[in-house]
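> Take a look at protein.pdb, PDB, C-alpha atoms, pLDDT in the B column:
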ATOM      1  CA  PHE A 937    -152.722 -65.369-122.108  1.00 44.00           C
ATOM      2  CA  GLY A 938    -152.732 -61.564-122.009  1.00 42.00           C
ATOM      3  CA  SER A 939    -150.791 -61.389-118.742  1.00 44.00           C
ATOM      4  CA  ARG A 940    -148.259 -63.909-120.030  1.00 46.00           C
ATOM      5  CA  SER A 941    -147.777 -61.906-123.251  1.00 43.00           C
ATOM      6  CA  SER A 942    -147.295 -58.684-121.330  1.00 44.00           C
ATOM      7  CA  ARG A 943    -144.669 -60.312-119.103  1.00 47.00           C
ATOM      8  CA  CYS A 944    -142.877 -61.701-122.145  1.00 44.00           C
ATOM      9  CA  SER A 945    -142.964 -58.287-123.858  1.00 40.00           C
ATOM     10  CA  SER A 946    -141.519 -56.556-120.815  1.00 45.00           C
ATOM     11  CA  LEU A 947    -138.702 -59.090-120.594  1.00 42.00           C
ATOM     12  CA  CYS A 948    -137.968 -58.694-124.313  1.00 42.00           C
ATOM     13  CA  ILE A 949    -137.793 -54.915-123.921  1.00 37.00           C
ATOM     14  CA  LYS A 950    -135.368 -55.283-121.015  1.00 42.00           C
ATOM     15  CA  SER A 951    -133.257 -57.671-123.078  1.00 42.00           C
ATOM     16  CA  VAL A 952    -133.106 -55.233-126.004  1.00 35.00           C
ATOM     17  CA  ALA A 953    -132.256 -52.349-123.703  1.00 36.00           C
ATOM     18  CA  HIS A 954    -129.446 -54.371-122.158  1.00 39.00           C
ATOM     19  CA  SER A 955    -128.086 -55.361-125.592  1.00 37.00           C
ATOM     20  CA  ASN A 956    -127.911 -51.698-126.624  1.00 38.00           C
ATOM     21  CA  LEU A 957    -125.394 -51.117-123.854  1.00 35.00           C
ATOM     22  CA  MET A 958    -123.118 -53.878-125.166  1.00 36.00           C
ATOM     23  CA  LEU A 959    -120.744 -53.346-128.078  1.00 37.00           C
ATOM     24  CA  PRO A 960    -119.455 -56.349-130.056  1.00 39.00           C
ATOM     25  CA  LEU A 961    -115.706 -56.802-130.298  1.00 40.00           C
ATOM     26  CA  ALA A 962    -114.473 -57.320-133.845  1.00 40.00           C
ATOM     27  CA  GLY A 963    -113.305 -60.880-134.393  1.00 38.00           C
ATOM     28  CA  SER A 964    -114.526 -62.110-131.032  1.00 40.00           C
ATOM     29  CA  SER A 965    -117.718 -63.125-129.277  1.00 37.00           C
ATOM     30  CA  LEU A 966    -116.805 -60.889-126.335  1.00 44.00           C
ATOM     31  CA  ALA A 967    -119.125 -57.931-125.719  1.00 49.00           C
ATOM     32  CA  LEU A 968    -117.704 -54.761-124.235  1.00 54.00           C
ATOM     33  CA  GLY A 969    -120.029 -53.013-121.824  1.00 58.00           C
ATOM     34  CA  MET A 970    -119.785 -49.640-120.122  1.00 71.00           C
ATOM     35  CA  PRO A 971    -116.239 -48.228-119.687  1.00 74.00           C
ATOM     36  CA  THR A 972    -114.397 -49.079-116.497  1.00 79.00           C
ATOM     37  CA  ASP A 973    -112.925 -46.574-114.070  1.00 81.00           C
ATOM     38  CA  GLU A 974    -109.435 -47.276-115.397  1.00 85.00           C
ATOM     39  CA  VAL A 975    -110.542 -46.492-118.952  1.00 82.00           C
ATOM     40  CA  LEU A 976    -112.058 -43.203-117.800  1.00 85.00           C
ATOM     41  CA  GLN A 977    -108.884 -42.285-115.894  1.00 88.00           C
ATOM     42  CA  LEU A 978    -106.483 -43.141-118.731  1.00 88.00           C
ATOM     43  CA  ARG A 979    -108.491 -41.474-121.516  1.00 90.00           C
ATOM     44  CA  PRO A 980    -107.039 -37.941-120.886  1.00 91.00           C
ATOM     45  CA  LEU A 981    -103.518 -39.378-120.864  1.00 93.00           C
ATOM     46  CA  LEU A 982    -104.105 -41.133-124.195  1.00 92.00           C
ATOM     47  CA  LYS A 983    -105.425 -37.861-125.600  1.00 93.00           C
ATOM     48  CA  PHE A 984    -102.248 -36.079-124.456  1.00 95.00           C
ATOM     49  CA  PHE A 985     -99.975 -38.680-126.089  1.00 95.00           C
ATOM     50  CA  ILE A 986    -101.880 -38.419-129.378  1.00 95.00           C
ATOM     51  CA  PHE A 987    -101.553 -34.631-129.260  1.00 95.00           C
ATOM     52  CA  CYS A 988     -97.795 -34.964-128.704  1.00 95.00           C
ATOM     53  CA  LEU A 989     -97.600 -37.391-131.616  1.00 95.00           C
ATOM     54  CA  GLY A 990     -99.441 -34.862-133.771  1.00 95.00           C
ATOM     55  CA  SER A 991     -96.831 -32.233-132.872  1.00 95.00           C
ATOM     56  CA  THR A 992     -94.161 -34.755-133.871  1.00 96.00           C
ATOM     57  CA  VAL A 993     -95.808 -35.150-137.284  1.00 95.00           C
ATOM     58  CA  VAL A 994     -95.611 -31.380-137.809  1.00 96.00           C
ATOM     59  CA  ALA A 995     -91.903 -31.440-136.941  1.00 95.00           C
ATOM     60  CA  GLU A 996     -91.303 -34.297-139.387  1.00 94.00           C
ATOM     61  CA  VAL A 997     -93.023 -32.388-142.172  1.00 95.00           C
ATOM     62  CA  ILE A 998     -90.928 -29.259-141.479  1.00 95.00           C
ATOM     63  CA  ALA A 999     -87.742 -31.337-141.459  1.00 92.00           C
ATOM     64  CA  GLY A1000     -88.668 -32.989-144.754  1.00 91.00           C
ATOM     65  CA  PHE A1001     -89.072 -36.493-143.309  1.00 93.00           C
ATOM     66  CA  LEU A1002     -92.298 -37.112-145.217  1.00 93.00           C
ATOM     67  CA  PRO A1003     -92.358 -40.956-145.089  1.00 92.00           C
ATOM     68  CA  SER A1004     -92.083 -40.852-141.298  1.00 93.00           C
ATOM     69  CA  ALA A1005     -94.789 -38.190-141.120  1.00 94.00           C
ATOM     70  CA  ILE A1006     -97.154 -40.318-143.220  1.00 94.00           C
ATOM     71  CA  THR A1007     -96.538 -43.279-140.912  1.00 93.00           C
ATOM     72  CA  ASP A1008     -97.309 -41.315-137.740  1.00 94.00           C
ATOM     73  CA  VAL A1009    -100.291 -39.443-139.120  1.00 94.00           C
ATOM     74  CA  LEU A1010    -102.244 -42.716-139.329  1.00 93.00           C
ATOM     75  CA  THR A1011    -102.143 -43.091-135.557  1.00 94.00           C
ATOM     76  CA  VAL A1012    -102.968 -39.413-135.042  1.00 95.00           C
ATOM     77  CA  VAL A1013    -105.974 -39.409-137.384  1.00 94.00           C
ATOM     78  CA  TYR A1014    -107.485 -42.632-136.050  1.00 93.00           C
ATOM     79  CA  GLY A1015    -106.807 -41.620-132.446  1.00 92.00           C
ATOM     80  CA  ALA A1016    -108.432 -38.216-132.945  1.00 92.00           C
ATOM     81  CA  MET A1017    -111.497 -39.825-134.533  1.00 92.00           C
ATOM     82  CA  LEU A1018    -111.699 -42.303-131.678  1.00 89.00           C
ATOM     83  CA  LEU A1019    -111.440 -39.659-128.963  1.00 89.00           C
ATOM     84  CA  HIS A1020    -114.184 -37.575-130.569  1.00 89.00           C
ATOM     85  CA  ARG A1021    -116.633 -40.492-130.310  1.00 85.00           C
ATOM     86  CA  ASP A1022    -118.624 -41.322-127.207  1.00 82.00           C
ATOM     87  CA  MET A1023    -117.266 -43.603-124.518  1.00 79.00           C
ATOM     88  CA  GLU A1024    -118.828 -46.720-126.042  1.00 79.00           C
ATOM     89  CA  GLY A1025    -117.195 -45.941-129.396  1.00 80.00           C
ATOM     90  CA  LEU A1026    -113.865 -45.379-127.659  1.00 83.00           C
ATOM     91  CA  VAL A1027    -114.103 -48.753-125.917  1.00 82.00           C
ATOM     92  CA  GLN A1028    -114.870 -50.513-129.187  1.00 83.00           C
ATOM     93  CA  GLY A1029    -111.803 -49.095-130.991  1.00 85.00           C
ATOM     94  CA  LEU A1030    -109.143 -49.470-128.310  1.00 87.00           C
ATOM     95  CA  HIS A1031    -107.715 -52.729-129.686  1.00 88.00           C
ATOM     96  CA  VAL A1032    -107.497 -51.234-133.199  1.00 91.00           C
ATOM     97  CA  ILE A1033    -105.483 -48.158-132.236  1.00 92.00           C
ATOM     98  CA  SER A1034    -103.246 -50.359-130.093  1.00 93.00           C
ATOM     99  CA  VAL A1035    -102.337 -52.495-133.119  1.00 94.00           C
ATOM    100  CA  ILE A1036    -101.845 -49.455-135.383  1.00 95.00           C
ATOM    101  CA  ALA A1037     -99.590 -47.686-132.882  1.00 95.00           C
ATOM    102  CA  ALA A1038     -97.539 -50.836-132.245  1.00 95.00           C
ATOM    103  CA  LEU A1039     -96.894 -51.384-135.962  1.00 96.00           C
ATOM    104  CA  ASN A1040     -95.982 -47.735-136.510  1.00 95.00           C
ATOM    105  CA  CYS A1041     -93.648 -47.858-133.514  1.00 96.00           C
ATOM    106  CA  ALA A1042     -91.833 -50.809-135.079  1.00 96.00           C
ATOM    107  CA  LEU A1043     -91.550 -48.993-138.438  1.00 94.00           C
ATOM    108  CA  GLN A1044     -90.182 -45.832-136.850  1.00 95.00           C
ATOM    109  CA  ALA A1045     -87.708 -47.833-134.767  1.00 95.00           C
ATOM    110  CA  PHE A1046     -86.458 -49.469-137.980  1.00 95.00           C
ATOM    111  CA  SER A1047     -86.090 -46.050-139.639  1.00 93.00           C
ATOM    112  CA  LEU A1048     -84.139 -44.795-136.638  1.00 93.00           C
ATOM    113  CA  LEU A1049     -81.837 -47.816-136.839  1.00 93.00           C
ATOM    114  CA  GLN A1050     -81.155 -47.080-140.515  1.00 91.00           C
ATOM    115  CA  ILE A1051     -80.206 -43.495-139.673  1.00 90.00           C
ATOM    116  CA  LEU A1052     -77.815 -44.604-136.948  1.00 90.00           C
ATOM    117  CA  LEU A1053     -76.118 -47.264-139.096  1.00 89.00           C
ATOM    118  CA  GLY A1054     -76.036 -45.367-142.398  1.00 83.00           C
ATOM    119  CA  LYS A1055     -74.251 -42.220-143.480  1.00 80.00           C
ATOM    120  CA  PRO A1056     -73.304 -39.931-141.833  1.00 80.00           C
ATOM    121  CA  GLY A1057     -73.964 -42.272-138.881  1.00 79.00           C
ATOM    122  CA  ALA A1058     -74.629 -41.976-135.182  1.00 84.00           C
ATOM    123  CA  LYS A1059     -71.575 -39.749-134.738  1.00 86.00           C
ATOM    124  CA  TYR A1060     -73.353 -36.858-136.458  1.00 85.00           C
ATOM    125  CA  PHE A1061     -76.848 -37.628-135.182  1.00 88.00           C
ATOM    126  CA  LEU A1062     -77.277 -34.188-133.595  1.00 87.00           C
ATOM    127  CA  ALA A1063     -74.728 -32.289-135.700  1.00 86.00           C
ATOM    128  CA  ASN A1064     -75.880 -29.490-138.000  1.00 83.00           C
ATOM    129  CA  GLU A1065     -72.737 -29.824-140.123  1.00 84.00           C
ATOM    130  CA  CYS A1066     -70.938 -32.950-141.276  1.00 82.00           C
ATOM    131  CA  ILE A1067     -68.625 -33.243-144.278  1.00 80.00           C
ATOM    132  CA  VAL A1068     -68.837 -36.719-145.745  1.00 75.00           C
ATOM    133  CA  SER A1069     -67.027 -38.133-148.750  1.00 73.00           C
ATOM    134  CA  VAL A1070     -69.524 -39.489-151.252  1.00 72.00           C
ATOM    135  CA  ALA A1071     -68.556 -41.580-154.282  1.00 73.00           C
ATOM    136  CA  ARG A1072     -70.307 -41.011-157.602  1.00 75.00           C
ATOM    137  CA  ILE A1073     -69.862 -42.684-160.945  1.00 77.00           C
ATOM    138  CA  LYS A1074     -69.025 -40.192-163.677  1.00 74.00           C
ATOM    139  CA  GLU A1075     -68.055 -41.378-167.189  1.00 72.00           C
ATOM    140  CA  GLY A1076     -67.422 -44.846-165.842  1.00 73.00           C
ATOM    141  CA  GLN A1077     -64.993 -43.641-163.195  1.00 73.00           C
ATOM    142  CA  PRO A1078     -65.698 -43.171-159.458  1.00 75.00           C
ATOM    143  CA  VAL A1079     -65.545 -39.547-158.409  1.00 74.00           C
ATOM    144  CA  TYR A1080     -65.402 -38.622-154.750  1.00 75.00           C
ATOM    145  CA  GLU A1081     -67.087 -35.483-153.564  1.00 76.00           C
ATOM    146  CA  HIS A1082     -67.240 -33.915-150.137  1.00 78.00           C
ATOM    147  CA  LEU A1083     -70.799 -33.008-149.186  1.00 79.00           C
ATOM    148  CA  ASN A1084     -72.404 -31.568-146.094  1.00 81.00           C
ATOM    149  CA  LEU A1085     -75.158 -34.049-145.261  1.00 81.00           C
ATOM    150  CA  CYS A1086     -76.238 -32.411-142.007  1.00 85.00           C
ATOM    151  CA  SER A1087     -78.306 -29.334-141.271  1.00 88.00           C
ATOM    152  CA  TRP A1088     -80.879 -28.145-138.793  1.00 90.00           C
ATOM    153  CA  HIS A1089     -83.424 -30.077-140.831  1.00 91.00           C
ATOM    154  CA  THR A1090     -81.676 -33.372-140.130  1.00 90.00           C
ATOM    155  CA  VAL A1091     -81.341 -32.546-136.436  1.00 92.00           C
ATOM    156  CA  LEU A1092     -85.035 -31.729-136.204  1.00 94.00           C
ATOM    157  CA  GLY A1093     -85.991 -34.818-138.180  1.00 93.00           C
ATOM    158  CA  ASN A1094     -83.827 -37.147-136.098  1.00 93.00           C
ATOM    159  CA  LEU A1095     -85.284 -35.805-132.861  1.00 94.00           C
ATOM    160  CA  ALA A1096     -88.782 -36.089-134.312  1.00 95.00           C
ATOM    161  CA  ILE A1097     -88.254 -39.752-135.172  1.00 95.00           C
ATOM    162  CA  CYS A1098     -87.003 -40.445-131.635  1.00 95.00           C
ATOM    163  CA  SER A1099     -90.098 -38.732-130.258  1.00 95.00           C
ATOM    164  CA  ALA A1100     -92.303 -40.693-132.656  1.00 95.00           C
ATOM    165  CA  VAL A1101     -90.922 -44.012-131.410  1.00 96.00           C
ATOM    166  CA  VAL A1102     -91.601 -43.007-127.800  1.00 96.00           C
ATOM    167  CA  PHE A1103     -95.109 -41.649-128.337  1.00 96.00           C
ATOM    168  CA  GLU A1104     -96.170 -44.489-130.624  1.00 96.00           C
ATOM    169  CA  PHE A1105     -95.063 -46.957-127.953  1.00 96.00           C
ATOM    170  CA  LEU A1106     -96.903 -45.039-125.222  1.00 95.00           C
ATOM    171  CA  CYS A1107    -100.099 -44.880-127.291  1.00 94.00           C
ATOM    172  CA  ALA A1108     -99.915 -48.609-128.018  1.00 94.00           C
ATOM    173  CA  ARG A1109     -99.207 -49.558-124.408  1.00 93.00           C
ATOM    174  CA  LEU A1110    -101.858 -47.261-122.919  1.00 93.00           C
ATOM    175  CA  SER A1111    -104.619 -48.260-125.334  1.00 91.00           C
ATOM    176  CA  TRP A1112    -103.812 -51.949-124.826  1.00 92.00           C
ATOM    177  CA  LYS A1113    -103.925 -51.490-121.057  1.00 91.00           C
ATOM    178  CA  MET A1114    -107.331 -49.824-121.369  1.00 88.00           C
ATOM    179  CA  PHE A1115    -108.551 -52.625-123.630  1.00 88.00           C
ATOM    180  CA  LYS A1116    -107.435 -55.374-121.226  1.00 87.00           C
ATOM    181  CA  SER A1117    -109.131 -53.578-118.344  1.00 84.00           C
ATOM    182  CA  GLN A1118    -112.373 -53.416-120.301  1.00 82.00           C
ATOM    183  CA  GLU A1119    -112.021 -57.030-121.400  1.00 82.00           C
ATOM    184  CA  ALA A1120    -111.588 -58.252-117.829  1.00 81.00           C
ATOM    185  CA  ALA A1121    -114.639 -56.287-116.678  1.00 77.00           C
ATOM    186  CA  SER A1122    -116.729 -57.625-119.563  1.00 73.00           C
ATOM    187  CA  MET A1123    -115.737 -61.233-118.852  1.00 75.00           C
ATOM    188  CA  ALA A1124    -116.638 -60.785-115.198  1.00 70.00           C
ATOM    189  CA  MET A1125    -120.010 -59.332-116.215  1.00 66.00           C
ATOM    190  CA  ALA A1126    -120.646 -62.217-118.610  1.00 63.00           C
ATOM    191  CA  SER A1127    -119.808 -64.759-115.898  1.00 65.00           C
ATOM    192  CA  THR A1128    -122.180 -63.054-113.467  1.00 67.00           C
ATOM    193  CA  LEU A1129    -125.019 -63.012-115.991  1.00 62.00           C
ATOM    194  CA  ASP A1130    -124.406 -66.672-116.820  1.00 60.00           C
ATOM    195  CA  LEU A1131    -124.546 -67.663-113.165  1.00 61.00           C
ATOM    196  CA  GLU A1132    -127.747 -65.680-112.643  1.00 61.00           C
ATOM    197  CA  THR A1133    -129.340 -67.304-115.692  1.00 65.00           C
ATOM    198  CA  ARG A1134    -128.403 -70.807-114.561  1.00 62.00           C
ATOM    199  CA  GLY A1135    -129.701 -70.111-111.089  1.00 59.00           C
ATOM    200  CA  SER A1136    -133.012 -68.914-112.501  1.00 60.00           C
ATOM    201  CA  LEU A1137    -133.351 -72.012-114.662  1.00 56.00           C
ATOM    202  CA  ARG A1138    -132.616 -74.324-111.734  1.00 57.00           C
ATOM    203  CA  GLY A1139    -135.163 -72.480-109.620  1.00 54.00           C
ATOM    204  CA  GLY A1140    -137.848 -72.902-112.282  1.00 51.00           C
ATOM    205  CA  ARG A1141    -138.448 -69.178-112.660  1.00 49.00           C
ATOM    206  CA  VAL A1142    -137.687 -68.658-116.345  1.00 48.00           C
ATOM    207  CA  GLY A1143    -139.064 -70.572-119.314  1.00 46.00           C
ATOM    208  CA  LEU A1144    -138.108 -70.683-122.973  1.00 45.00           C
ATOM    209  CA  MET A1145    -139.970 -67.449-123.787  1.00 45.00           C
ATOM    210  CA  GLY A1146    -139.043 -65.637-120.580  1.00 47.00           C
ATOM    211  CA  SER A1147    -142.371 -66.343-118.883  1.00 50.00           C
ATOM    212  CA  ASP A1148    -142.774 -67.034-115.208  1.00 52.00           C
ATOM    213  CA  LEU A1149    -143.176 -70.792-114.799  1.00 48.00           C
ATOM    214  CA  ALA A1150    -144.346 -70.566-111.228  1.00 50.00           C
ATOM    215  CA  ALA A1151    -147.318 -68.386-112.203  1.00 52.00           C
ATOM    216  CA  SER A1152    -148.161 -70.685-115.120  1.00 53.00           C
ATOM    217  CA  GLU A1153    -147.998 -73.738-112.897  1.00 50.00           C
ATOM    218  CA  ALA A1154    -150.298 -72.173-110.318  1.00 53.00           C
ATOM    219  CA  GLY A1155    -152.825 -71.192-112.979  1.00 55.00           C
ATOM    220  CA  SER A1156    -152.944 -74.557-114.733  1.00 56.00           C
ATOM    221  CA  GLY A1157    -152.836 -76.713-111.628  1.00 54.00           C
ATOM    222  CA  ARG A1158    -150.206 -79.098-113.032  1.00 55.00           C
ATOM    223  CA  PRO A1159    -146.389 -78.957-112.989  1.00 52.00           C
ATOM    224  CA  ILE A1160    -144.610 -77.585-116.045  1.00 50.00           C
ATOM    225  CA  PRO A1161    -141.158 -79.025-116.873  1.00 53.00           C
ATOM    226  CA  LEU A1162    -138.144 -76.746-117.077  1.00 51.00           C
ATOM    227  CA  ALA A1163    -136.652 -75.692-120.384  1.00 49.00           C
ATOM    228  CA  GLY A1164    -134.267 -78.355-121.638  1.00 51.00           C
ATOM    229  CA  PHE A1165    -134.427 -82.038-122.527  1.00 52.00           C
ATOM    230  CA  THR A1166    -137.846 -83.676-122.189  1.00 59.00           C
ATOM    231  CA  PRO A1167    -137.979 -87.514-122.328  1.00 60.00           C
ATOM    232  CA  TYR A1168    -140.299 -89.222-124.773  1.00 60.00           C
ATOM    233  CA  GLN A1169    -143.640 -90.085-123.125  1.00 64.00           C
ATOM    234  CA  GLY A1170    -145.559 -91.756-125.978  1.00 66.00           C
ATOM    235  CA  GLN A1171    -146.048 -95.400-126.914  1.00 68.00           C
ATOM    236  CA  PRO A1172    -142.866 -97.433-127.488  1.00 66.00           C
ATOM    237  CA  HIS A1173    -142.015 -98.516-131.039  1.00 62.00           C
ATOM    238  CA  ARG A1174    -140.390-101.812-131.961  1.00 65.00           C
ATOM    239  CA  MET A1175    -137.332-101.636-134.189  1.00 63.00           C
ATOM    240  CA  VAL A1176    -137.570-105.321-135.337  1.00 62.00           C
ATOM    241  CA  GLU A1177    -140.184-107.124-137.406  1.00 60.00           C
ATOM    242  CA  ASP A1178    -142.567-109.597-135.801  1.00 56.00           C
ATOM    243  CA  ASP A1179    -142.118-113.295-136.667  1.00 51.00           C
TER     244      ASP A1179
END
How does the structure come out when it is put into structure tokens?

Amino acid sequence: FGSRSSRCSSLCIKSVAHSNLMLPLAGSSLALGMPTDEVLQLRPLLKFFIFCLGSTVVAEVIAGFLPSAITDVLTVVYGAMLLHRDMEGLVQGLHVISVIAALNCALQAFSLLQILLGKPGAKYFLANECIVSVARIKEGQPVYEHLNLCSWHTVLGNLAICSAVVFEFLCARLSWKMFKSQEAASMAMASTLDLETRGSLRGGRVGLMGSDLAASEAGSGRPIPLAGFTPYQGQPHRMVEDD
């Protein structure tokens, strides 16, 4: 009994140690293991894109495009927090930053479309001076005024939004690529472990509690059935009444 307990304890310790290397994926039963080579290679590139996006946020603040800056700073803050964690923490949060960056990319693309279609329009996208006639209602009558709607602030802000769309897309694409690489490696690992477990069960080497069935069978002198369905071996029972 003591040798069997020690073997069971050692197997339990190995199981716990293996589970500590696996990180659960939110909303899925998939477990992400150690980072793949592709994740390690793409991590510096993701860090560079997040740094560039942070510089874009600074430019948006200087230009006075505060709503766009607030949108982009979400990706920058979460990405910086993710990159400062260990590799296991980075692997666990890749799908989250991919979704955040993709949504922010769509929002910034919509803002850019509004700038191009509104006043003063795409014609003055990079102009620091544009005189536009603007109608205002004064004492119930429309009054037209000529205003300069362009400056170096608008040029800087427009370029910053273009950069934000590009870097948000790159962050989303790169993090998603890293996540899919890790997912494929984890599924391959799970398939390998499943095949090894099934092979051990068929060979009669592992019991319900992780004990060695071959050693137990040799010690008791009688065969021990494998873990699974065991047919009923008692006396039969009649389901009808006797006449």
> For the provided coordinates, the residues matched by the PyMOL selection byres ((chain A and resi 1108-1122) around 9) should be stated as a count of residues only.
38
> Please measure the separation of CA of Phe1061 in chain A and CA of Ile1097 in chain A, giving the value in Å to one decimal.
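So the two atoms, CA of Phe1061 in chain A and CA of Ile1097 in chain A, lie 11.6 Å apart.
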> So what do you get for CA of Phe987 in chain A versus CA of Ala1005 in chain A, distance-wise?
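Value for the CA of Phe987 in chain A-CA of Ala1005 in chain A distance: 14.1 Å.
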> Using all atoms listed in the file, determine which residues lie at most 9 Å from range 1064-1067 of chain A, disregarding the query and same-chain residues fewer than 2 positions distant; provide the list as a list in words.
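In the requested format, the answer is Pro1056, Tyr1060, Phe1061, Leu1062, Ser1069, His1082, Leu1083, Asn1084, Leu1085, Cys1086, Ser1087, Trp1088, His1089, Thr1090 and Val1091 of chain A.
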> Which is closer to Gly990 in chain A than all the others in A:Glu1081, A:Glu1075, A:Asp1022, A:Asp1008, using all atoms listed in the file?
A:Asp1008
> Ranking A:Ala1058, A:Val1068, A:Met1023, A:Ala1100 by minimum distance to Thr1011 in chain A and counting only C-alpha atoms, which one comes first?
A:Ala1100
> Pick out the residues sitting within 12 Å of Leu1049 in chain A, and hand them over as a PyMOL selection string; count all atoms listed in the file, and ignore anything fewer than 4 positions along from it in its own chain.
chain A and resi 1042-1045+1053-1055+1057-1058+1061+1094+1097-1098+1101
> Return as a ChimeraX atom specification the set of residues that the PyMOL selection byres ((chain A and resi 995) around 10) yields on the displayed structure.
/A:989-994,996-1001,1005,1089,1092-1097
> Could you tell me how far CA of Pro980 in chain A sits from CA of Leu1018 in chain A, in Å to one decimal place?
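Result for CA of Leu1018 in chain A versus CA of Pro980 in chain A: 12.5 Å, one decimal.
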> First collect every listed atom of range 1041-1057 of chain A; then fit an axis-aligned box around them, widen it by 8 Å on each side, and give centre and edge lengths in Å to one decimal, as AutoDock Vina command-line options.

--center_x -83.5 --center_y -45.4 --center_z -138.5 --size_x 36.3 --size_y 26.9 --size_z 26.0
> With distances taken over all atoms listed in the file, which residue among A:Ile986, A:Val1079, A:Ser1004, A:Gln977 lies nearest Phe1046 in chain A?
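With all atoms listed in the file as the atom set, the closest residue is A:Ser1004.
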> If I only have part of range 1087-1092 of chain A, can you fill in all heavy atoms and write it as a short mmCIF file (atom, residue, chain, number, x, y, z; two decimals), in the frame of the given file?

data_model
loop_
_atom_site.label_atom_id
_atom_site.label_comp_id
_atom_site.auth_asym_id
_atom_site.auth_seq_id
_atom_site.Cartn_x
_atom_site.Cartn_y
_atom_site.Cartn_z
N SER A 1087 -77.77 -30.69 -141.40
CA SER A 1087 -78.31 -29.33 -141.27
C SER A 1087 -79.29 -29.33 -140.10
O SER A 1087 -79.50 -30.36 -139.45
CB SER A 1087 -78.99 -28.89 -142.57
OG SER A 1087 -80.13 -29.68 -142.82
N TRP A 1088 -79.90 -28.19 -139.87
CA TRP A 1088 -80.88 -28.14 -138.79
C TRP A 1088 -82.11 -28.99 -139.14
O TRP A 1088 -82.83 -29.45 -138.24
CB TRP A 1088 -81.29 -26.71 -138.49
CG TRP A 1088 -82.03 -26.02 -139.60
CD1 TRP A 1088 -81.51 -25.31 -140.64
CD2 TRP A 1088 -83.46 -26.01 -139.76
NE1 TRP A 1088 -82.52 -24.85 -141.45
CE2 TRP A 1088 -83.73 -25.25 -140.92
CE3 TRP A 1088 -84.52 -26.55 -139.05
CZ2 TRP A 1088 -85.01 -25.03 -141.38
CZ3 TRP A 1088 -85.81 -26.33 -139.50
CH2 TRP A 1088 -86.05 -25.58 -140.66
N HIS A 1089 -82.33 -29.21 -140.43
CA HIS A 1089 -83.42 -30.08 -140.83
C HIS A 1089 -83.18 -31.52 -140.37
O HIS A 1089 -84.11 -32.19 -139.88
CB HIS A 1089 -83.59 -30.05 -142.35
CG HIS A 1089 -84.13 -28.76 -142.88
ND1 HIS A 1089 -83.32 -27.71 -143.23
CD2 HIS A 1089 -85.41 -28.35 -143.11
CE1 HIS A 1089 -84.06 -26.71 -143.67
NE2 HIS A 1089 -85.34 -27.06 -143.60
N THR A 1090 -81.97 -32.00 -140.54
CA THR A 1090 -81.68 -33.37 -140.13
C THR A 1090 -81.72 -33.52 -138.61
O THR A 1090 -82.17 -34.55 -138.09
CB THR A 1090 -80.30 -33.80 -140.64
OG1 THR A 1090 -79.30 -32.90 -140.13
CG2 THR A 1090 -80.26 -33.79 -142.15
N VAL A 1091 -81.27 -32.49 -137.90
CA VAL A 1091 -81.34 -32.55 -136.44
C VAL A 1091 -82.79 -32.60 -135.98
O VAL A 1091 -83.18 -33.42 -135.12
CB VAL A 1091 -80.62 -31.34 -135.82
CG1 VAL A 1091 -80.79 -31.33 -134.30
CG2 VAL A 1091 -79.15 -31.35 -136.18
N LEU A 1092 -83.62 -31.74 -136.56
CA LEU A 1092 -85.04 -31.73 -136.20
C LEU A 1092 -85.71 -33.05 -136.58
O LEU A 1092 -86.51 -33.60 -135.81
CB LEU A 1092 -85.72 -30.55 -136.89
CG LEU A 1092 -87.24 -30.41 -136.65
CD1 LEU A 1092 -87.52 -30.19 -135.17
CD2 LEU A 1092 -87.81 -29.25 -137.48
#
